[in-house]
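Undergrad: Input data30.cif, format and content: mmCIF, C-alpha atoms.
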```cif
data_data
loop_
_atom_site.group_PDB
_atom_site.id
_atom_site.type_symbol
_atom_site.label_atom_id
_atom_site.label_comp_id
_atom_site.auth_asym_id
_atom_site.auth_seq_id
_atom_site.Cartn_x
_atom_site.Cartn_y
_atom_site.Cartn_z
ATOM 1 C CA MET A 485 -30.809 51.056 3.636
ATOM 2 C CA CYS A 486 -33.849 50.450 5.833
ATOM 3 C CA ALA A 487 -36.091 47.481 5.175
ATOM 4 C CA LEU A 488 -39.427 48.196 3.539
ATOM 5 C CA ASN A 489 -42.571 47.279 5.475
ATOM 6 C CA ALA A 490 -44.195 43.936 4.677
ATOM 7 C CA PHE A 491 -47.943 43.727 4.050
ATOM 8 C CA VAL A 492 -50.638 41.158 3.289
ATOM 9 C CA VAL A 493 -52.149 40.988 -0.178
ATOM 10 C CA ALA A 494 -54.978 38.879 -1.596
ATOM 11 C CA ASP A 495 -55.208 37.092 -4.923
ATOM 12 C CA PRO A 496 -58.752 37.849 -6.148
ATOM 13 C CA HIS A 497 -58.619 34.832 -8.479
ATOM 14 C CA LYS A 498 -58.315 32.491 -5.471
ATOM 15 C CA CYS A 499 -60.558 34.259 -2.937
ATOM 16 C CA ILE A 500 -64.018 32.680 -2.574
ATOM 17 C CA GLY A 501 -65.412 35.188 -0.069
ATOM 18 C CA CYS A 502 -65.760 32.645 2.757
ATOM 19 C CA LYS A 503 -64.810 35.233 5.434
ATOM 20 C CA VAL A 504 -62.468 32.833 7.279
ATOM 21 C CA CYS A 505 -59.897 35.651 7.130
ATOM 22 C CA GLU A 506 -62.285 38.024 8.921
ATOM 23 C CA VAL A 507 -63.189 35.503 11.622
ATOM 24 C CA SER A 508 -59.522 34.529 12.158
ATOM 25 C CA CYS A 509 -58.598 38.191 12.472
ATOM 26 C CA PHE A 510 -61.353 38.811 15.020
ATOM 27 C CA VAL A 511 -60.381 35.785 17.128
ATOM 28 C CA VAL A 512 -56.706 36.750 17.482
ATOM 29 C CA HIS A 513 -57.567 40.374 18.294
ATOM 30 C CA SER A 514 -60.425 39.701 20.717
ATOM 31 C CA ASP A 515 -59.617 40.813 24.264
ATOM 32 C CA VAL A 516 -61.783 37.915 25.504
ATOM 33 C CA PRO A 517 -60.559 34.367 24.666
ATOM 34 C CA VAL A 518 -62.649 32.712 21.930
ATOM 35 C CA LYS A 519 -62.613 28.936 21.465
ATOM 36 C CA THR A 520 -66.211 28.359 20.320
ATOM 37 C CA VAL A 521 -68.987 30.424 18.760
ATOM 38 C CA GLY A 522 -70.817 30.395 22.097
ATOM 39 C CA GLN A 523 -68.014 32.417 23.682
ATOM 40 C CA VAL A 524 -68.420 35.343 21.271
ATOM 41 C CA THR A 525 -70.219 38.096 23.179
ATOM 42 C CA THR A 526 -69.328 41.057 20.963
ATOM 43 C CA PRO A 527 -69.916 41.722 17.271
ATOM 44 C CA ILE A 528 -67.271 40.166 15.018
ATOM 45 C CA ILE A 529 -65.103 43.143 14.092
ATOM 46 C CA PRO A 530 -62.100 42.153 11.961
ATOM 47 C CA ARG A 531 -59.196 44.411 11.007
ATOM 48 C CA LEU A 532 -59.541 43.586 7.320
ATOM 49 C CA TYR A 533 -62.612 44.070 5.215
ATOM 50 C CA LEU A 534 -63.955 41.702 2.569
ATOM 51 C CA VAL A 535 -65.131 43.441 -0.588
ATOM 52 C CA HIS A 536 -67.725 41.749 -2.815
ATOM 53 C CA THR A 537 -68.465 42.948 -6.336
ATOM 54 C CA ALA A 538 -69.879 41.167 -9.371
ATOM 55 C CA GLU A 539 -66.328 40.621 -10.667
ATOM 56 C CA VAL A 540 -64.170 40.213 -7.573
ATOM 57 C CA THR A 541 -64.136 39.178 -3.939
ATOM 58 C CA MET A 542 -61.132 39.883 -1.756
ATOM 59 C CA PRO A 543 -60.148 41.473 1.539
ATOM 60 C CA VAL A 544 -58.830 45.024 1.618
ATOM 61 C CA GLN A 545 -55.886 45.382 3.973
ATOM 62 C CA CYS A 546 -53.388 47.949 5.146
ATOM 63 C CA ARG A 547 -50.215 48.296 3.056
ATOM 64 C CA HIS A 548 -48.201 49.547 6.050
ATOM 65 C CA CYS A 549 -46.930 52.488 3.994
ATOM 66 C CA GLU A 550 -43.440 53.758 4.788
ATOM 67 C CA ASP A 551 -44.725 57.353 4.727
ATOM 68 C CA ALA A 552 -48.139 56.412 6.100
ATOM 69 C CA PRO A 553 -50.761 59.039 5.202
ATOM 70 C CA CYS A 554 -52.962 57.868 8.087
ATOM 71 C CA ALA A 555 -50.183 58.415 10.644
ATOM 72 C CA ASN A 556 -49.226 61.760 9.134
ATOM 73 C CA ALA A 557 -52.855 62.913 9.288
ATOM 74 C CA CYS A 558 -53.595 61.756 12.868
ATOM 75 C CA PRO A 559 -53.845 64.877 15.066
ATOM 76 C CA VAL A 560 -53.191 63.006 18.338
ATOM 77 C CA GLY A 561 -50.383 60.634 17.290
ATOM 78 C CA ALA A 562 -52.482 57.494 17.777
ATOM 79 C CA ILE A 563 -50.952 55.895 14.665
ATOM 80 C CA THR A 564 -47.281 54.954 14.828
ATOM 81 C CA GLN A 565 -44.793 52.577 13.240
ATOM 82 C CA LYS A 566 -43.454 49.700 15.336
ATOM 83 C CA ASP A 567 -41.154 47.035 13.871
ATOM 84 C CA GLY A 568 -42.294 47.741 10.300
ATOM 85 C CA ILE A 569 -45.989 47.766 11.217
ATOM 86 C CA ILE A 570 -48.237 50.819 11.146
ATOM 87 C CA ASP A 571 -50.222 50.441 14.365
ATOM 88 C CA VAL A 572 -53.267 52.217 15.832
ATOM 89 C CA ASP A 573 -53.352 52.822 19.576
ATOM 90 C CA GLN A 574 -57.105 52.634 20.042
ATOM 91 C CA GLN A 575 -56.896 54.023 23.580
ATOM 92 C CA THR A 576 -55.349 57.229 22.199
ATOM 93 C CA CYS A 577 -57.627 57.500 19.130
ATOM 94 C CA ILE A 578 -60.280 60.234 19.393
ATOM 95 C CA GLY A 579 -62.409 58.946 16.509
ATOM 96 C CA CYS A 580 -61.926 62.003 14.284
ATOM 97 C CA LYS A 581 -61.875 59.942 11.036
ATOM 98 C CA THR A 582 -58.954 61.897 9.561
ATOM 99 C CA CYS A 583 -57.065 58.637 8.982
ATOM 100 C CA VAL A 584 -60.043 57.189 7.096
ATOM 101 C CA LEU A 585 -59.942 60.148 4.715
ATOM 102 C CA ALA A 586 -56.150 59.934 4.336
ATOM 103 C CA CYS A 587 -55.828 56.194 3.558
ATOM 104 C CA PRO A 588 -55.505 55.722 -0.221
ATOM 105 C CA PHE A 589 -56.428 52.019 0.021
ATOM 106 C CA GLY A 590 -59.611 52.252 2.108
ATOM 107 C CA ALA A 591 -58.023 50.018 4.737
ATOM 108 C CA MET A 592 -58.944 52.161 7.746
ATOM 109 C CA GLU A 593 -62.374 51.781 9.347
ATOM 110 C CA MET A 594 -64.122 53.263 12.353
ATOM 111 C CA VAL A 595 -65.430 50.569 14.704
ATOM 112 C CA PRO A 596 -67.125 50.471 18.109
ATOM 113 C CA TYR A 597 -64.554 50.176 20.898
ATOM 114 C CA TYR A 598 -64.873 47.174 23.203
ATOM 115 C CA LYS A 599 -62.934 46.540 26.402
ATOM 116 C CA ASN A 600 -63.274 43.304 28.374
ATOM 117 C CA GLY A 601 -66.195 42.300 26.157
ATOM 118 C CA GLU A 602 -68.174 45.480 26.880
ATOM 119 C CA GLN A 603 -68.804 48.377 24.513
ATOM 120 C CA VAL A 604 -67.163 51.538 25.853
ATOM 121 C CA LYS A 605 -69.335 54.634 26.205
ATOM 122 C CA GLN A 606 -68.226 58.250 25.971
ATOM 123 C CA LEU A 607 -67.747 60.099 29.241
ATOM 124 C CA ARG A 608 -70.141 62.971 28.603
ATOM 125 C CA LEU A 609 -71.476 63.046 25.038
ATOM 126 C CA THR A 610 -75.134 62.094 25.077
ATOM 127 C CA GLU A 611 -77.965 62.012 22.580
ATOM 128 C CA GLU A 612 -81.513 62.875 23.502
ATOM 129 C CA THR A 613 -83.923 60.012 22.998
ATOM 130 C CA GLY A 614 -87.546 59.483 23.945
ATOM 131 C CA GLU A 615 -86.254 57.948 27.176
ATOM 132 C CA GLY A 616 -83.901 60.824 28.013
ATOM 133 C CA PRO A 617 -80.194 61.394 27.355
ATOM 134 C CA VAL A 618 -78.155 58.310 26.402
ATOM 135 C CA LEU A 619 -74.356 58.169 26.499
ATOM 136 C CA GLN A 620 -72.895 57.695 23.007
ATOM 137 C CA ASP A 621 -70.644 54.783 22.021
ATOM 138 C CA VAL A 622 -66.910 55.297 21.500
ATOM 139 C CA PHE A 623 -65.722 54.635 17.932
ATOM 140 C CA VAL A 624 -62.027 54.234 17.078
ATOM 141 C CA ALA A 625 -59.857 53.639 14.029
ATOM 142 C CA SER A 626 -59.124 50.024 13.140
ATOM 143 C CA LYS A 627 -56.918 48.389 10.514
ATOM 144 C CA CYS A 628 -54.676 45.397 9.868
ATOM 145 C CA ASP A 629 -51.680 45.198 12.193
ATOM 146 C CA ARG A 630 -50.304 42.029 10.547
ATOM 147 C CA CYS A 631 -51.164 40.232 13.807
ATOM 148 C CA ILE A 632 -48.223 41.803 15.603
ATOM 149 C CA GLY A 633 -47.118 39.515 18.399
ATOM 150 C CA VAL A 634 -49.223 36.563 17.200
ATOM 151 C CA GLU A 635 -47.220 33.377 16.734
ATOM 152 C CA GLY A 636 -47.454 31.998 13.190
ATOM 153 C CA GLY A 637 -47.831 35.346 11.473
ATOM 154 C CA PRO A 638 -51.020 36.924 10.210
ATOM 155 C CA ALA A 639 -54.028 34.764 11.129
ATOM 156 C CA CYS A 640 -55.772 35.553 7.843
ATOM 157 C CA VAL A 641 -52.846 34.131 5.840
ATOM 158 C CA ALA A 642 -52.496 31.061 8.075
ATOM 159 C CA ASN A 643 -56.206 30.176 7.943
ATOM 160 C CA CYS A 644 -57.265 30.969 4.364
ATOM 161 C CA PRO A 645 -58.552 27.676 2.905
ATOM 162 C CA ARG A 646 -57.671 28.741 -0.662
ATOM 163 C CA GLU A 647 -54.233 30.222 0.151
ATOM 164 C CA ALA A 648 -55.464 33.456 -1.420
ATOM 165 C CA LEU A 649 -53.531 35.623 1.037
ATOM 166 C CA GLN A 650 -49.797 36.057 1.317
ATOM 167 C CA VAL A 651 -47.334 38.292 3.111
ATOM 168 C CA VAL A 652 -45.401 40.432 0.636
ATOM 169 C CA ARG A 653 -41.927 41.435 1.749
ATOM 170 C CA PRO A 654 -40.812 44.151 -0.703
ATOM 171 C CA ASP A 655 -37.091 43.714 0.016
ATOM 172 C CA GLU A 656 -37.235 39.989 -0.779
ATOM 173 C CA LEU A 657 -39.356 40.671 -3.858
ATOM 174 C CA ARG A 658 -36.813 43.222 -5.115
ATOM 175 C CA ARG A 659 -33.915 40.754 -4.666
ATOM 176 C CA THR A 660 -35.867 38.042 -6.502
ATOM 177 C CA ARG A 661 -36.724 40.378 -9.385
ATOM 178 C CA ASN A 662 -33.107 41.605 -9.605
ATOM 179 C CA LEU A 663 -31.866 38.011 -9.749
ATOM 180 C CA GLU A 664 -34.428 37.106 -12.413
ATOM 181 C CA ALA A 665 -33.413 40.142 -14.487
ATOM 182 C CA ALA A 666 -29.713 39.287 -14.175
ATOM 183 C CA LEU A 667 -30.361 35.680 -15.208
ATOM 184 C CA ALA A 668 -32.429 36.862 -18.201
ATOM 185 C CA VAL A 669 -29.573 39.129 -19.330
ATOM 186 C CA LEU A 670 -27.088 36.286 -18.898
ATOM 187 C CA GLU A 671 -29.327 33.968 -20.936
ATOM 188 C CA SER A 672 -29.692 36.521 -23.744
ATOM 189 C CA VAL A 673 -25.891 37.046 -23.804
ATOM 190 C CA LYS A 674 -25.382 33.267 -24.016
ATOM 191 C CA ASN A 675 -27.820 33.099 -26.970
ATOM 192 C CA VAL A 676 -26.045 35.932 -28.802
ATOM 193 C CA VAL A 677 -22.546 34.544 -28.162
ATOM 194 C CA GLY A 678 -23.583 31.126 -28.495
#
```
Could I get this structure in the form of structure tokens?

TA:
Amino acid sequence: MCALNAFVVADPHKCIGCKVCEVSCFVVHSDVPVKTVGQVTTPIIPRLYLVHTAEVTMPVQCRHCEDAPCANACPVGAITQKDGIIDVDQQTCIGCKTCVLACPFGAMEMVPYYKNGEQVKQLRLTEETGEGPVLQDVFVASKCDRCIGVEGGPACVANCPREALQVVRPDELRRTRNLEAALAVLESVKNVVG
């Protein structure tokens, strides 16, 4: 049996909406090293998205589905699975938004594409403005990649001041639940016999 993909989940009762998860995510995924606020030269674009309502605040993140609708919908194969992580190759993405429509969790977003701290422009697509034609920005799909390759696991989990985020490993959860069920049956048998 193959292992099920792990994912990050938030406890809305603990989340205070401080956005440390978003900033941590941005820092580890920035292609330009960031040590202080003064070094940030691009907009802060995280791969998770904090949702605020009157009743709840929590980040929405990718569930790394085993039969990922986003990957199945991508017409150019920019979304693949690597080591249990559904990953977007932003250099391959054409910005068609099909993955955004396919994601049942709302975890996929379209974001401006930056390379070496500079926003990438399209090769030919322009828009007429009062000052003439202007090359349009490139937008690509973006979502949680569980900080693949980052030591210490997902940055959002490691840096949340309220410990509202955790990595869920379905295989471990299943074993724990099976053990708890077996122990409950054993306890009920002991009470009947007992």

Undergrad: Could you state the separation of CA of Val540 (chain A) and CA of Gly568 (chain A) in Å, given to one decimal place?

TA: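 Here the two named atoms are 29.2 Å from each other.
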
Undergrad: Which residues match the PyMOL selection byres ((chain A and resi 617-624) around 7) in the file above, as a PyMOL selection string?

TA: chain A and resi 574+577-579+594-597+604-606+608-613+615-616+625-626

Undergrad: Tell me which of A:Cys546, A:Cys505, A:Ala562, A:Val521 sits closest to Leu534 (chain A), counting all atoms listed in the file.

TA: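 Comparing A:Cys546, A:Cys505, A:Ala562, A:Val521 against Leu534 (chain A), the winner is A:Cys505.
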
Undergrad: CA of Pro645 (chain A) to CA of Val507 (chain A): how many Å, to one decimal?

TA: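 Computing the Euclidean distance for CA of Pro645 (chain A) and CA of Val507 (chain A) yields 12.6 Å.
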
Undergrad: May I ask for the distance between CA of Val669 (chain A) and CA of Asp655 (chain A), given in Å to one decimal place?

TA: 21.3 Å

Undergrad: Assuming the chain letters and numbering stay as they are in my file, what does the PyMOL selection byres ((chain A and resi 628-644) around 7) actually select? List them as a list of chain:residue names.

TA: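 Applying the PyMOL selection byres ((chain A and resi 628-644) around 7) to the structure shown produces A:Val504, A:Cys505, A:Ser508, A:Cys509, A:Arg531, A:Leu532, A:Gln545, A:Cys546, A:Ile569, A:Ile570, A:Asp571, A:Lys627, A:Pro645, A:Arg646, A:Glu647, A:Ala648, A:Leu649, A:Gln650.
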
Undergrad: When distances are computed from all atoms listed in the file, which of A:Ile529, A:Val544, A:Val673, A:Ile563 shows the smallest separation from Phe589 (chain A)?

TA: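 Among the listed residues, A:Val544 lies closest to Phe589 (chain A).
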
Undergrad: In terms of the shortest atom-to-atom distance over all atoms listed in the file, which of A:Cys558, A:Met592, A:Val511, A:Ala494 is closest to Cys580 (chain A)?

TA: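 Selected residue with least distance to Cys580 (chain A): A:Cys558.
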
Undergrad: Nearest to Pro517 (chain A): which of A:Gly601, A:Ala668, A:Val676, A:Asp551 is it, counting all atoms listed in the file?

TA: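 Nearest candidate to Pro517 (chain A) out of A:Gly601, A:Ala668, A:Val676, A:Asp551: A:Gly601.
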
Undergrad: Could you check which residues have any atom within 10 Å of (-59.0, 36.8, -10.1), counting all atoms listed in the file with coordinates taken straight from the file, and then list them as a JSON list (two decimals) with C-alpha atoms, keeping the file's coordinate frame?

TA:
```json
[["chain", "number", "residue", "atom", "x", "y", "z"],
["A", 494, "ALA", "CA", -54.98, 38.88, -1.60],
["A", 495, "ASP", "CA", -55.21, 37.09, -4.92],
["A", 496, "PRO", "CA", -58.75, 37.85, -6.15],
["A", 497, "HIS", "CA", -58.62, 34.83, -8.48],
["A", 498, "LYS", "CA", -58.32, 32.49, -5.47],
["A", 499, "CYS", "CA", -60.56, 34.26, -2.94],
["A", 500, "ILE", "CA", -64.02, 32.68, -2.57],
["A", 539, "GLU", "CA", -66.33, 40.62, -10.67],
["A", 540, "VAL", "CA", -64.17, 40.21, -7.57],
["A", 541, "THR", "CA", -64.14, 39.18, -3.94],
["A", 542, "MET", "CA", -61.13, 39.88, -1.76],
["A", 648, "ALA", "CA", -55.46, 33.46, -1.42]]
```

Undergrad: Might you pull out every residue within 12 Å of Asn600 (chain A), with all atoms listed in the file counted and same-chain residues fewer than 4 positions away left off, and present them as a list in words?

TA: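 Within the cut-off, the hits are His513, Ser514, Asp515, Val516, Pro517, Val524, Thr525, Thr526 and Val604 of chain A.
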
Undergrad: Residues near Ala586 (chain A), anyone? I mean within 8 Å using all atoms listed in the file, not counting same-chain ones fewer than 6 positions away, as JSON, numbers by chain.

TA: {"A": [553, 554, 557]}
